[in-house]
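Data from query-v3.cif: mmCIF, C-alpha atoms
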data_input
#
loop_
_atom_site.group_PDB
_atom_site.id
_atom_site.type_symbol
_atom_site.label_atom_id
_atom_site.label_comp_id
_atom_site.auth_asym_id
_atom_site.auth_seq_id
_atom_site.Cartn_x
_atom_site.Cartn_y
_atom_site.Cartn_z
ATOM 1 C CA MET Q 23 -18.393 7.760 -59.920
ATOM 2 C CA ILE Q 24 -17.931 10.776 -62.147
ATOM 3 C CA ARG Q 25 -15.383 13.419 -61.232
ATOM 4 C CA ASN Q 26 -15.968 17.173 -61.505
ATOM 5 C CA GLN Q 27 -19.644 17.015 -60.591
ATOM 6 C CA TRP Q 28 -21.828 18.443 -57.827
ATOM 7 C CA TYR Q 29 -23.269 15.581 -55.759
ATOM 8 C CA VAL Q 30 -25.886 15.803 -53.060
ATOM 9 C CA VAL Q 31 -24.128 14.109 -50.135
ATOM 10 C CA LEU Q 32 -26.000 15.133 -46.959
ATOM 11 C CA GLU Q 33 -28.997 16.951 -45.608
ATOM 12 C CA SER Q 34 -28.275 20.284 -43.964
ATOM 13 C CA LYS Q 35 -29.621 19.175 -40.597
ATOM 14 C CA GLU Q 36 -26.974 16.446 -40.343
ATOM 15 C CA VAL Q 37 -24.114 18.938 -39.872
ATOM 16 C CA LYS Q 38 -24.679 20.597 -36.521
ATOM 17 C CA PRO Q 39 -22.889 23.766 -35.336
ATOM 18 C CA GLY Q 40 -19.659 23.140 -33.456
ATOM 19 C CA LYS Q 41 -19.654 19.373 -34.018
ATOM 20 C CA PRO Q 42 -17.553 17.788 -36.805
ATOM 21 C CA LEU Q 43 -19.265 15.051 -38.785
ATOM 22 C CA GLY Q 44 -17.237 12.220 -40.298
ATOM 23 C CA VAL Q 45 -18.819 10.334 -43.205
ATOM 24 C CA THR Q 46 -17.791 8.180 -46.145
ATOM 25 C CA ARG Q 47 -18.798 9.597 -49.509
ATOM 26 C CA MET Q 48 -17.504 8.802 -52.995
ATOM 27 C CA GLY Q 49 -15.355 6.104 -51.375
ATOM 28 C CA GLU Q 50 -13.495 8.725 -49.299
ATOM 29 C CA LYS Q 51 -13.568 9.483 -45.592
ATOM 30 C CA LEU Q 52 -14.606 13.128 -45.262
ATOM 31 C CA VAL Q 53 -15.220 15.537 -42.423
ATOM 32 C CA PHE Q 54 -17.829 18.315 -42.488
ATOM 33 C CA TRP Q 55 -18.192 21.115 -39.961
ATOM 34 C CA ARG Q 56 -19.763 24.532 -39.466
ATOM 35 C CA ASP Q 57 -17.949 27.560 -38.120
ATOM 36 C CA GLY Q 58 -19.532 30.039 -35.722
ATOM 37 C CA ALA Q 59 -21.422 31.709 -38.573
ATOM 38 C CA GLY Q 60 -22.798 28.379 -39.824
ATOM 39 C CA LYS Q 61 -20.543 28.260 -42.882
ATOM 40 C CA LEU Q 62 -19.660 24.760 -44.070
ATOM 41 C CA GLY Q 63 -16.231 23.244 -44.488
ATOM 42 C CA CYS Q 64 -15.324 19.873 -45.967
ATOM 43 C CA LEU Q 65 -11.908 18.183 -45.902
ATOM 44 C CA ARG Q 66 -10.536 14.728 -46.385
ATOM 45 C CA ASP Q 67 -10.729 13.209 -42.916
ATOM 46 C CA LEU Q 68 -6.970 12.782 -42.545
ATOM 47 C CA CYS Q 69 -4.563 15.045 -40.703
ATOM 48 C CA ALA Q 70 -1.446 15.845 -42.746
ATOM 49 C CA HIS Q 71 0.743 15.397 -39.666
ATOM 50 C CA ARG Q 72 0.208 11.838 -38.434
ATOM 51 C CA GLY Q 73 -2.914 10.655 -40.270
ATOM 52 C CA ALA Q 74 -5.483 10.974 -37.469
ATOM 53 C CA ALA Q 75 -9.187 11.456 -38.197
ATOM 54 C CA LEU Q 76 -10.051 15.144 -38.030
ATOM 55 C CA SER Q 77 -13.694 14.239 -37.416
ATOM 56 C CA LEU Q 78 -12.737 13.237 -33.861
ATOM 57 C CA GLY Q 79 -11.454 16.758 -33.210
ATOM 58 C CA LYS Q 80 -13.314 19.968 -32.503
ATOM 59 C CA VAL Q 81 -14.231 23.245 -34.147
ATOM 60 C CA CYS Q 82 -12.057 26.229 -33.214
ATOM 61 C CA GLY Q 83 -13.549 29.411 -34.643
ATOM 62 C CA GLU Q 84 -13.492 28.908 -38.414
ATOM 63 C CA ASN Q 85 -11.049 25.982 -38.234
ATOM 64 C CA ILE Q 86 -11.157 22.306 -37.384
ATOM 65 C CA GLN Q 87 -8.631 21.018 -34.877
ATOM 66 C CA CYS Q 88 -6.998 17.596 -35.032
ATOM 67 C CA PRO Q 89 -7.698 15.552 -31.860
ATOM 68 C CA PHE Q 90 -4.142 14.123 -31.776
ATOM 69 C CA HIS Q 91 -1.779 17.113 -31.642
ATOM 70 C CA GLY Q 92 -4.127 20.074 -31.997
ATOM 71 C CA ILE Q 93 -3.136 21.180 -35.491
ATOM 72 C CA GLN Q 94 -5.811 23.415 -36.985
ATOM 73 C CA TYR Q 95 -6.957 23.577 -40.617
ATOM 74 C CA ASP Q 96 -9.198 26.102 -42.349
ATOM 75 C CA ALA Q 97 -11.964 25.308 -44.861
ATOM 76 C CA LEU Q 98 -9.435 25.338 -47.721
ATOM 77 C CA GLY Q 99 -7.400 22.657 -45.952
ATOM 78 C CA ARG Q 100 -4.518 24.967 -45.078
ATOM 79 C CA GLY Q 101 -2.719 24.384 -41.805
ATOM 80 C CA ARG Q 102 -3.196 27.417 -39.552
ATOM 81 C CA VAL Q 103 -1.788 26.495 -36.151
ATOM 82 C CA ILE Q 104 0.700 23.908 -34.890
ATOM 83 C CA PRO Q 105 0.456 24.277 -31.112
ATOM 84 C CA ALA Q 106 3.786 22.552 -30.444
ATOM 85 C CA ASN Q 107 5.565 25.229 -32.502
ATOM 86 C CA GLY Q 108 3.825 28.142 -30.776
ATOM 87 C CA MET Q 109 0.682 30.051 -31.685
ATOM 88 C CA ASN Q 110 2.576 32.708 -33.656
ATOM 89 C CA ALA Q 111 4.852 30.329 -35.577
ATOM 90 C CA PRO Q 112 4.211 30.166 -39.355
ATOM 91 C CA VAL Q 113 2.799 26.850 -40.617
ATOM 92 C CA PRO Q 114 4.704 25.257 -43.532
ATOM 93 C CA GLU Q 115 2.702 24.960 -46.753
ATOM 94 C CA ARG Q 116 3.096 21.184 -46.747
ATOM 95 C CA TYR Q 117 0.559 21.027 -43.892
ATOM 96 C CA LYS Q 118 -2.422 20.931 -46.210
ATOM 97 C CA VAL Q 119 -5.424 18.614 -46.429
ATOM 98 C CA LEU Q 120 -7.506 18.106 -49.583
ATOM 99 C CA SER Q 121 -10.613 20.296 -49.429
ATOM 100 C CA TYR Q 122 -13.840 20.152 -51.408
ATOM 101 C CA PRO Q 123 -16.214 22.996 -52.298
ATOM 102 C CA THR Q 124 -19.685 22.721 -50.773
ATOM 103 C CA TYR Q 125 -23.035 24.310 -51.489
ATOM 104 C CA GLU Q 126 -26.165 24.374 -49.366
ATOM 105 C CA ALA Q 127 -29.749 24.898 -50.535
ATOM 106 C CA HIS Q 128 -33.181 23.247 -50.306
ATOM 107 C CA GLY Q 129 -32.094 21.480 -47.126
ATOM 108 C CA PHE Q 130 -29.372 19.589 -49.015
ATOM 109 C CA ILE Q 131 -25.580 19.808 -48.963
ATOM 110 C CA TRP Q 132 -23.768 19.373 -52.264
ATOM 111 C CA LEU Q 133 -20.087 18.503 -52.648
ATOM 112 C CA TRP Q 134 -18.093 19.255 -55.801
ATOM 113 C CA TRP Q 135 -16.129 16.039 -56.215
ATOM 114 C CA GLY Q 136 -12.950 16.897 -58.052
ATOM 115 C CA GLU Q 137 -9.574 18.548 -57.720
ATOM 116 C CA ASN Q 138 -8.609 22.063 -58.774
ATOM 117 C CA PRO Q 139 -12.158 23.436 -59.079
ATOM 118 C CA PRO Q 140 -12.562 26.244 -61.620
ATOM 119 C CA GLU Q 141 -12.509 29.788 -60.283
ATOM 120 C CA GLU Q 142 -15.978 30.401 -61.705
ATOM 121 C CA LEU Q 143 -17.576 27.286 -60.267
ATOM 122 C CA LYS Q 144 -21.296 27.409 -61.001
ATOM 123 C CA PRO Q 145 -23.643 26.314 -58.193
ATOM 124 C CA PRO Q 146 -25.479 22.993 -58.483
ATOM 125 C CA ARG Q 147 -29.003 22.734 -59.821
ATOM 126 C CA PHE Q 148 -32.231 21.594 -58.239
ATOM 127 C CA PHE Q 149 -35.666 21.006 -59.713
ATOM 128 C CA GLU Q 150 -37.059 24.389 -60.717
ATOM 129 C CA ASP Q 151 -40.679 23.251 -60.308
ATOM 130 C CA ILE Q 152 -40.277 22.711 -56.538
ATOM 131 C CA ASP Q 153 -40.645 26.047 -54.769
ATOM 132 C CA GLU Q 154 -41.086 27.329 -51.213
ATOM 133 C CA GLN Q 155 -44.798 26.468 -51.248
ATOM 134 C CA PHE Q 156 -43.881 22.797 -50.890
ATOM 135 C CA SER Q 157 -43.135 21.183 -47.557
ATOM 136 C CA TYR Q 158 -41.505 17.787 -47.163
ATOM 137 C CA SER Q 159 -40.547 14.911 -44.922
ATOM 138 C CA SER Q 160 -37.450 12.822 -45.464
ATOM 139 C CA ALA Q 161 -35.817 9.493 -44.709
ATOM 140 C CA HIS Q 162 -32.333 8.046 -45.220
ATOM 141 C CA ASP Q 163 -32.270 4.475 -46.480
ATOM 142 C CA PRO Q 164 -29.058 2.402 -46.876
ATOM 143 C CA TRP Q 165 -28.741 0.147 -49.941
ATOM 144 C CA PRO Q 166 -25.873 -2.343 -50.413
ATOM 145 C CA ALA Q 167 -25.715 -1.442 -54.106
ATOM 146 C CA HIS Q 168 -23.780 0.817 -56.460
ATOM 147 C CA TYR Q 169 -25.493 4.182 -56.858
ATOM 148 C CA SER Q 170 -25.858 3.709 -60.633
ATOM 149 C CA ARG Q 171 -28.037 0.633 -60.088
ATOM 150 C CA VAL Q 172 -30.229 2.475 -57.600
ATOM 151 C CA ILE Q 173 -30.671 5.329 -60.068
ATOM 152 C CA GLU Q 174 -31.562 2.976 -62.906
ATOM 153 C CA ASN Q 175 -34.188 1.313 -60.763
ATOM 154 C CA GLN Q 176 -36.026 4.633 -60.452
ATOM 155 C CA LEU Q 177 -35.877 5.084 -64.233
ATOM 156 C CA ASP Q 178 -37.139 1.553 -64.899
ATOM 157 C CA VAL Q 179 -40.761 1.616 -66.064
ATOM 158 C CA VAL Q 180 -40.921 -2.108 -66.884
ATOM 159 C CA HIS Q 181 -40.618 -3.514 -63.364
ATOM 160 C CA LEU Q 182 -43.642 -1.835 -61.774
ATOM 161 C CA PRO Q 183 -46.315 -4.579 -62.072
ATOM 162 C CA PHE Q 184 -43.880 -7.245 -60.888
ATOM 163 C CA VAL Q 185 -41.895 -5.689 -58.052
ATOM 164 C CA HIS Q 186 -44.787 -3.469 -56.890
ATOM 165 C CA ASP Q 187 -47.794 -5.666 -57.701
ATOM 166 C CA ASN Q 188 -49.537 -4.768 -54.409
ATOM 167 C CA THR Q 189 -48.563 -1.070 -54.292
ATOM 168 C CA ILE Q 190 -47.772 1.384 -57.106
ATOM 169 C CA GLY Q 191 -47.757 -1.353 -59.777
ATOM 170 C CA ARG Q 192 -51.307 -2.571 -59.278
ATOM 171 C CA GLY Q 193 -53.465 -2.871 -62.375
ATOM 172 C CA ASN Q 194 -51.464 -5.473 -64.327
ATOM 173 C CA ARG Q 195 -50.210 -2.851 -66.802
ATOM 174 C CA THR Q 196 -47.427 -5.053 -68.099
ATOM 175 C CA LEU Q 197 -47.301 -3.757 -71.674
ATOM 176 C CA VAL Q 198 -44.934 -0.806 -72.035
ATOM 177 C CA ASN Q 199 -45.629 1.738 -74.754
ATOM 178 C CA GLY Q 200 -42.548 3.825 -75.484
ATOM 179 C CA PRO Q 201 -41.485 5.080 -72.999
ATOM 180 C CA VAL Q 202 -40.730 8.600 -74.188
ATOM 181 C CA VAL Q 203 -37.416 10.112 -73.097
ATOM 182 C CA HIS Q 204 -37.098 13.871 -73.490
ATOM 183 C CA TRP Q 205 -33.827 15.671 -72.824
ATOM 184 C CA VAL Q 206 -34.559 19.140 -71.472
ATOM 185 C CA ASP Q 207 -30.825 19.889 -71.609
ATOM 186 C CA PRO Q 208 -27.653 17.744 -71.496
ATOM 187 C CA ASP Q 209 -28.054 16.968 -67.772
ATOM 188 C CA LEU Q 210 -31.836 16.882 -67.255
ATOM 189 C CA MET Q 211 -34.134 14.285 -68.749
ATOM 190 C CA PHE Q 212 -37.867 13.655 -68.467
ATOM 191 C CA VAL Q 213 -39.397 10.204 -68.840
ATOM 192 C CA TYR Q 214 -43.070 9.813 -69.778
ATOM 193 C CA VAL Q 215 -44.742 6.493 -68.956
ATOM 194 C CA TYR Q 216 -47.559 4.913 -71.000
ATOM 195 C CA ASN Q 217 -47.961 1.408 -69.550
ATOM 196 C CA GLU Q 218 -51.245 -0.444 -70.097
ATOM 197 C CA VAL Q 219 -52.915 -3.842 -69.794
ATOM 198 C CA ASP Q 220 -51.744 -6.338 -72.414
ATOM 199 C CA ARG Q 221 -54.717 -7.394 -74.558
ATOM 200 C CA GLY Q 222 -52.628 -8.762 -77.391
ATOM 201 C CA GLN Q 223 -51.725 -5.404 -78.958
ATOM 202 C CA LYS Q 224 -48.186 -4.433 -79.895
ATOM 203 C CA PRO Q 225 -46.491 -1.788 -77.765
ATOM 204 C CA LEU Q 226 -46.188 1.580 -79.436
ATOM 205 C CA LYS Q 227 -42.733 2.851 -80.268
ATOM 206 C CA PRO Q 228 -41.718 6.194 -78.743
ATOM 207 C CA GLU Q 229 -42.140 8.004 -82.056
ATOM 208 C CA GLU Q 230 -45.694 6.629 -82.396
ATOM 209 C CA ILE Q 231 -46.829 8.267 -79.169
ATOM 210 C CA PRO Q 232 -48.341 11.768 -79.394
ATOM 211 C CA ALA Q 233 -46.574 14.669 -77.741
ATOM 212 C CA PRO Q 234 -46.197 14.023 -73.991
ATOM 213 C CA HIS Q 235 -49.074 15.323 -71.915
ATOM 214 C CA GLY Q 236 -50.429 15.088 -68.389
ATOM 215 C CA PRO Q 237 -48.761 15.930 -65.090
ATOM 216 C CA PHE Q 238 -47.081 12.583 -64.443
ATOM 217 C CA ARG Q 239 -43.437 12.183 -65.404
ATOM 218 C CA LEU Q 240 -40.090 11.122 -64.028
ATOM 219 C CA ALA Q 241 -37.131 13.479 -64.065
ATOM 220 C CA PHE Q 242 -33.445 12.837 -63.561
ATOM 221 C CA LEU Q 243 -30.862 15.546 -62.972
ATOM 222 C CA PHE Q 244 -27.227 14.481 -63.258
ATOM 223 C CA PRO Q 245 -25.409 13.236 -61.383
ATOM 224 C CA ASN Q 246 -27.700 11.984 -58.573
ATOM 225 C CA LEU Q 247 -31.125 13.664 -58.240
ATOM 226 C CA TRP Q 248 -34.475 12.161 -59.281
ATOM 227 C CA GLN Q 249 -38.064 13.362 -59.113
ATOM 228 C CA ASN Q 250 -41.378 11.596 -59.507
ATOM 229 C CA HIS Q 251 -43.690 14.394 -60.648
ATOM 230 C CA ILE Q 252 -46.949 12.800 -59.518
ATOM 231 C CA SER Q 253 -49.059 15.954 -59.778
ATOM 232 C CA GLU Q 254 -48.724 19.697 -59.475
ATOM 233 C CA ASP Q 255 -49.115 19.323 -55.698
ATOM 234 C CA VAL Q 256 -47.275 16.052 -54.937
ATOM 235 C CA ARG Q 257 -43.714 14.933 -55.691
ATOM 236 C CA ILE Q 258 -41.264 12.282 -54.584
ATOM 237 C CA VAL Q 259 -37.590 13.301 -54.708
ATOM 238 C CA ALA Q 260 -34.591 11.046 -54.238
ATOM 239 C CA ALA Q 261 -30.897 11.778 -53.929
ATOM 240 C CA PHE Q 262 -28.736 8.742 -54.627
ATOM 241 C CA VAL Q 263 -25.743 9.425 -52.396
ATOM 242 C CA PRO Q 264 -22.658 7.344 -53.258
ATOM 243 C CA VAL Q 265 -20.969 5.960 -50.135
ATOM 244 C CA ASP Q 266 -18.549 3.700 -51.978
ATOM 245 C CA ASP Q 267 -18.596 1.277 -54.918
ATOM 246 C CA GLU Q 268 -20.961 -1.110 -53.127
ATOM 247 C CA HIS Q 269 -23.089 1.108 -50.898
ATOM 248 C CA THR Q 270 -25.568 3.927 -51.492
ATOM 249 C CA LEU Q 271 -27.649 6.075 -49.173
ATOM 250 C CA LEU Q 272 -31.063 6.813 -50.619
ATOM 251 C CA TYR Q 273 -32.208 10.214 -49.377
ATOM 252 C CA LEU Q 274 -35.945 10.021 -49.963
ATOM 253 C CA ARG Q 275 -38.338 12.972 -49.692
ATOM 254 C CA PHE Q 276 -42.105 13.356 -49.931
ATOM 255 C CA TYR Q 277 -43.136 16.861 -51.086
ATOM 256 C CA GLN Q 278 -46.658 18.281 -51.073
ATOM 257 C CA LYS Q 279 -48.383 21.655 -51.087
ATOM 258 C CA PHE Q 280 -52.087 20.835 -50.905
ATOM 259 C CA VAL Q 281 -52.034 20.958 -47.072
ATOM 260 C CA ARG Q 282 -50.300 24.060 -45.715
ATOM 261 C CA VAL Q 283 -51.641 24.401 -42.155
ATOM 262 C CA PRO Q 284 -48.450 23.854 -40.101
ATOM 263 C CA LEU Q 285 -49.460 21.023 -37.734
ATOM 264 C CA LEU Q 286 -51.568 19.176 -40.312
ATOM 265 C CA ARG Q 287 -48.813 19.647 -42.888
ATOM 266 C CA GLU Q 288 -46.149 18.042 -40.701
ATOM 267 C CA LEU Q 289 -48.487 15.193 -39.737
ATOM 268 C CA LEU Q 290 -49.374 14.421 -43.357
ATOM 269 C CA ASN Q 291 -45.757 14.538 -44.461
ATOM 270 C CA ALA Q 292 -44.679 12.188 -41.683
ATOM 271 C CA LEU Q 293 -47.488 9.723 -42.381
ATOM 272 C CA ALA Q 294 -46.508 9.523 -46.070
ATOM 273 C CA MET Q 295 -42.963 8.282 -45.436
ATOM 274 C CA PRO Q 296 -43.656 4.703 -44.225
ATOM 275 C CA PHE Q 297 -45.464 3.878 -47.469
ATOM 276 C CA ASN Q 298 -42.734 5.442 -49.601
ATOM 277 C CA LEU Q 299 -40.075 3.483 -47.706
ATOM 278 C CA TYR Q 300 -42.088 0.280 -48.109
ATOM 279 C CA VAL Q 301 -42.151 0.814 -51.879
ATOM 280 C CA ALA Q 302 -38.420 1.564 -51.887
ATOM 281 C CA HIS Q 303 -37.716 -1.643 -49.959
ATOM 282 C CA GLN Q 304 -39.648 -3.656 -52.543
ATOM 283 C CA ASP Q 305 -37.092 -2.329 -55.025
ATOM 284 C CA ARG Q 306 -34.108 -2.756 -52.727
ATOM 285 C CA ARG Q 307 -34.770 -6.478 -52.284
ATOM 286 C CA VAL Q 308 -34.215 -7.015 -56.024
ATOM 287 C CA VAL Q 309 -31.683 -4.324 -56.930
ATOM 288 C CA THR Q 310 -29.172 -5.550 -54.355
ATOM 289 C CA THR Q 311 -28.999 -8.882 -56.219
ATOM 290 C CA GLN Q 312 -27.932 -7.339 -59.553
ATOM 291 C CA ARG Q 313 -24.510 -8.252 -60.902
ATOM 292 C CA PRO Q 314 -22.156 -6.705 -61.691
ATOM 293 C CA LYS Q 315 -22.627 -4.091 -58.979
ATOM 294 C CA PRO Q 316 -22.046 -0.959 -61.131
ATOM 295 C CA SER Q 317 -23.825 -0.525 -64.431
ATOM 296 C CA ALA Q 318 -22.171 0.452 -67.706
ATOM 297 C CA LEU Q 319 -23.192 1.342 -71.241
ATOM 298 C CA LYS Q 320 -21.873 -1.944 -72.600
ATOM 299 C CA MET Q 321 -22.088 -4.791 -70.121
ATOM 300 C CA GLY Q 322 -23.706 -7.704 -71.948
ATOM 301 C CA GLU Q 323 -27.277 -7.163 -70.766
ATOM 302 C CA LYS Q 324 -30.062 -7.986 -73.241
ATOM 303 C CA LEU Q 325 -32.110 -4.794 -73.158
ATOM 304 C CA ILE Q 326 -35.587 -4.188 -74.584
ATOM 305 C CA GLN Q 327 -37.497 -1.168 -75.901
ATOM 306 C CA GLY Q 328 -38.875 -0.412 -72.442
ATOM 307 C CA ASP Q 329 -35.320 0.099 -71.169
ATOM 308 C CA ALA Q 330 -34.927 3.342 -73.161
ATOM 309 C CA PRO Q 331 -34.566 5.551 -70.029
ATOM 310 C CA ILE Q 332 -31.793 3.306 -68.733
ATOM 311 C CA VAL Q 333 -29.971 3.423 -72.060
ATOM 312 C CA ALA Q 334 -30.303 7.218 -72.063
ATOM 313 C CA TYR Q 335 -28.889 7.432 -68.537
ATOM 314 C CA ARG Q 336 -25.989 5.103 -69.316
ATOM 315 C CA THR Q 337 -25.125 6.944 -72.518
ATOM 316 C CA ARG Q 338 -24.891 10.313 -70.790
ATOM 317 C CA ARG Q 339 -23.054 8.846 -67.810
ATOM 318 C CA GLN Q 340 -20.502 7.237 -70.114
ATOM 319 C CA ALA Q 341 -19.961 10.549 -71.912
ATOM 320 C CA LEU Q 342 -19.332 12.316 -68.587
ATOM 321 C CA LEU Q 343 -16.917 9.590 -67.478
ATOM 322 C CA GLU Q 344 -14.965 9.904 -70.728
ATOM 323 C CA MET Q 345 -14.914 13.682 -70.379
ATOM 324 C CA ALA Q 346 -13.483 13.391 -66.854
ATOM 325 C CA THR Q 347 -10.859 10.930 -68.084
ATOM 326 C CA LYS Q 348 -9.737 13.316 -70.843
ATOM 327 C CA GLU Q 349 -9.402 16.051 -68.246
ATOM 328 C CA GLY Q 350 -7.124 13.816 -66.214
ATOM 329 C CA HIS Q 351 -9.632 12.912 -63.510
ATOM 330 C CA VAL Q 352 -10.294 9.185 -63.539
#
In structure tokens, what does this structure look like?
Amino acid sequence: MIRNQWYVVLESKEVKPGKPLGVTRMGEKLVFWRDGAGKLGCLRDLCAHRGAALSLGKVCGENIQCPFHGIQYDALGRGRVIPANGMNAPVPERYKVLSYPTYEAHGFIWLWWGENPPEELKPPRFFEDIDEQFSYSSAHDPWPAHYSRVIENQLDVVHLPFVHDNTIGRGNRTLVNGPVVHWVDPDLMFVYVYNEVDRGQKPLKPEEIPAPHGPFRLAFLFPNLWQNHISEDVRIVAAFVPVDDEHTLLYLRFYQKFVRVPLLRELLNALAMPFNLYVAHQDRRVVTTQRPKPSALKMGEKLIQGDAPIVAYRTRRQALLEMATKEGHV
């Protein structure tokens, strides 16, 4: 996993007022909570005193209280109260728990995974072409796989007629022209797909394909957001949430804006999710068998032209990993 990045780690509805939530993300046990005003806090789920899980405690005003001895911490991880010493006694600076910045928008919670965040920490990005006219339904799907493999699966345009032969890959379009990878900026790439039936022709190279056109494209926004831009009115969005090195939570959403009547809208959105999960499980069955678990730019795989989006992803990911290493965050 890449340090010093904003990662989607939860949906907003998972962190309820007044109730700490303990989760594992990025291989770390973390606790999230909301204060009385709904503001989020996130700390490492480990009391500085005797190592108890803060997630078993309770919310006290703006602070979280350890369930063992009642020590309270604020959202910056600073100890505020040690009950045994008296409510007015100063708390030594050593009573501090690692905290992480959070950001909340679009029904998601982001976590900035790093230490010593910059003072001018820019907020995370979302897809600019999804606005308030869209409504969505969502599902959380566990995968026993490294998040990089799950991401690559959604960028893989070669597997469709084989893994999804009875769903989204119908049509026997096994020949892969291109695909065309377009970098919008250093952290956002579009992938345009031009698969067709193999009649003996050679696949076109990316540079032989005219300028990308049509509404359909895939988009990936580093470090863990993906969009299937099916049409102007329909999208599939996925957040690949790293749990640890061998487990990922796929946060899957179906977005649409062609039905906006409230009851019909919610019904349509709910009915779309079983099919989308079925398609995801067709992928999961195969992806969980891949070895080694994490992907890398150089790992001995014999790649083909159709793997261009995966190569593009790995190249950028490797650059970000090296950048984090140079900054002292491995």
Neighbour list for Ala127 (chain Q) as JSON, numbers by chain, cut-off 10 Å, all atoms listed in the file, skip fewer than 2 positions in-chain: {"Q": [33, 34, 125, 129, 130, 131, 132, 145, 146, 147, 148]}
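Interatomic distance, CA of Ala233 (chain Q) to CA of Phe184 (chain Q): 27.8 Å.
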Residues returned when the PyMOL selection byres ((chain Q and resi 336) around 10) runs on this file, as an MDAnalysis selection string: chainID Q and resid 170 174 317:320 330:335 337:342
Which of Q:Val179, Q:Ile252, Q:Val45, Q:Ile258 sits closest to Asn291 (chain Q) [using all atoms listed in the file]: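 Under the stated criterion, the closest residue is Q:Ile258.
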Atom-to-atom span, CA of Phe276 (chain Q) and CA of Leu290 (chain Q), Å: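 Going from CA of Phe276 (chain Q) over to CA of Leu290 (chain Q), I get 9.9 Å.
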Spatial neighbours of Arg313 (chain Q), 12 Å, all atoms listed in the file, chain gap at least 2 places, as a ChimeraX atom specification: /Q:167-168,171,268,308-311,315-318,321-323
Spatial neighbours of Gly63 (chain Q), 10 Å, all atoms listed in the file, chain gap at least 5 places, as a ChimeraX atom specification: /Q:42,53-57,84-86,96-99,121-125
Within 7 Å of region 218-221 of chain Q using only C-alpha atoms, minus same-chain residues under 5 positions, as a PyMOL selection string: chain Q and resi 194-198
Pick from Q:Lys51, Q:Arg287, Q:Lys324, Q:His186, whichever lies nearest to Ser159 (chain Q) using only C-alpha atoms: Q:Arg287
Residue IDs satisfying the PyMOL selection byres ((chain Q and resi 254) around 10), as number ranges by chain: Q: 151-152, 237-238, 251-253, 255-257, 278-280
I need the residues from that last selection saved to file as a CSV table (one decimal), in the coordinates of the input (with C-alpha atoms), if you can.
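Produced file result_35.csv, reproduced below:
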chain,number,residue,atom,x,y,z
Q,151,ASP,CA,-40.7,23.3,-60.3
Q,152,ILE,CA,-40.3,22.7,-56.5
Q,237,PRO,CA,-48.8,15.9,-65.1
Q,238,PHE,CA,-47.1,12.6,-64.4
Q,251,HIS,CA,-43.7,14.4,-60.6
Q,252,ILE,CA,-46.9,12.8,-59.5
Q,253,SER,CA,-49.1,16.0,-59.8
Q,255,ASP,CA,-49.1,19.3,-55.7
Q,256,VAL,CA,-47.3,16.1,-54.9
Q,257,ARG,CA,-43.7,14.9,-55.7
Q,278,GLN,CA,-46.7,18.3,-51.1
Q,279,LYS,CA,-48.4,21.7,-51.1
Q,280,PHE,CA,-52.1,20.8,-50.9
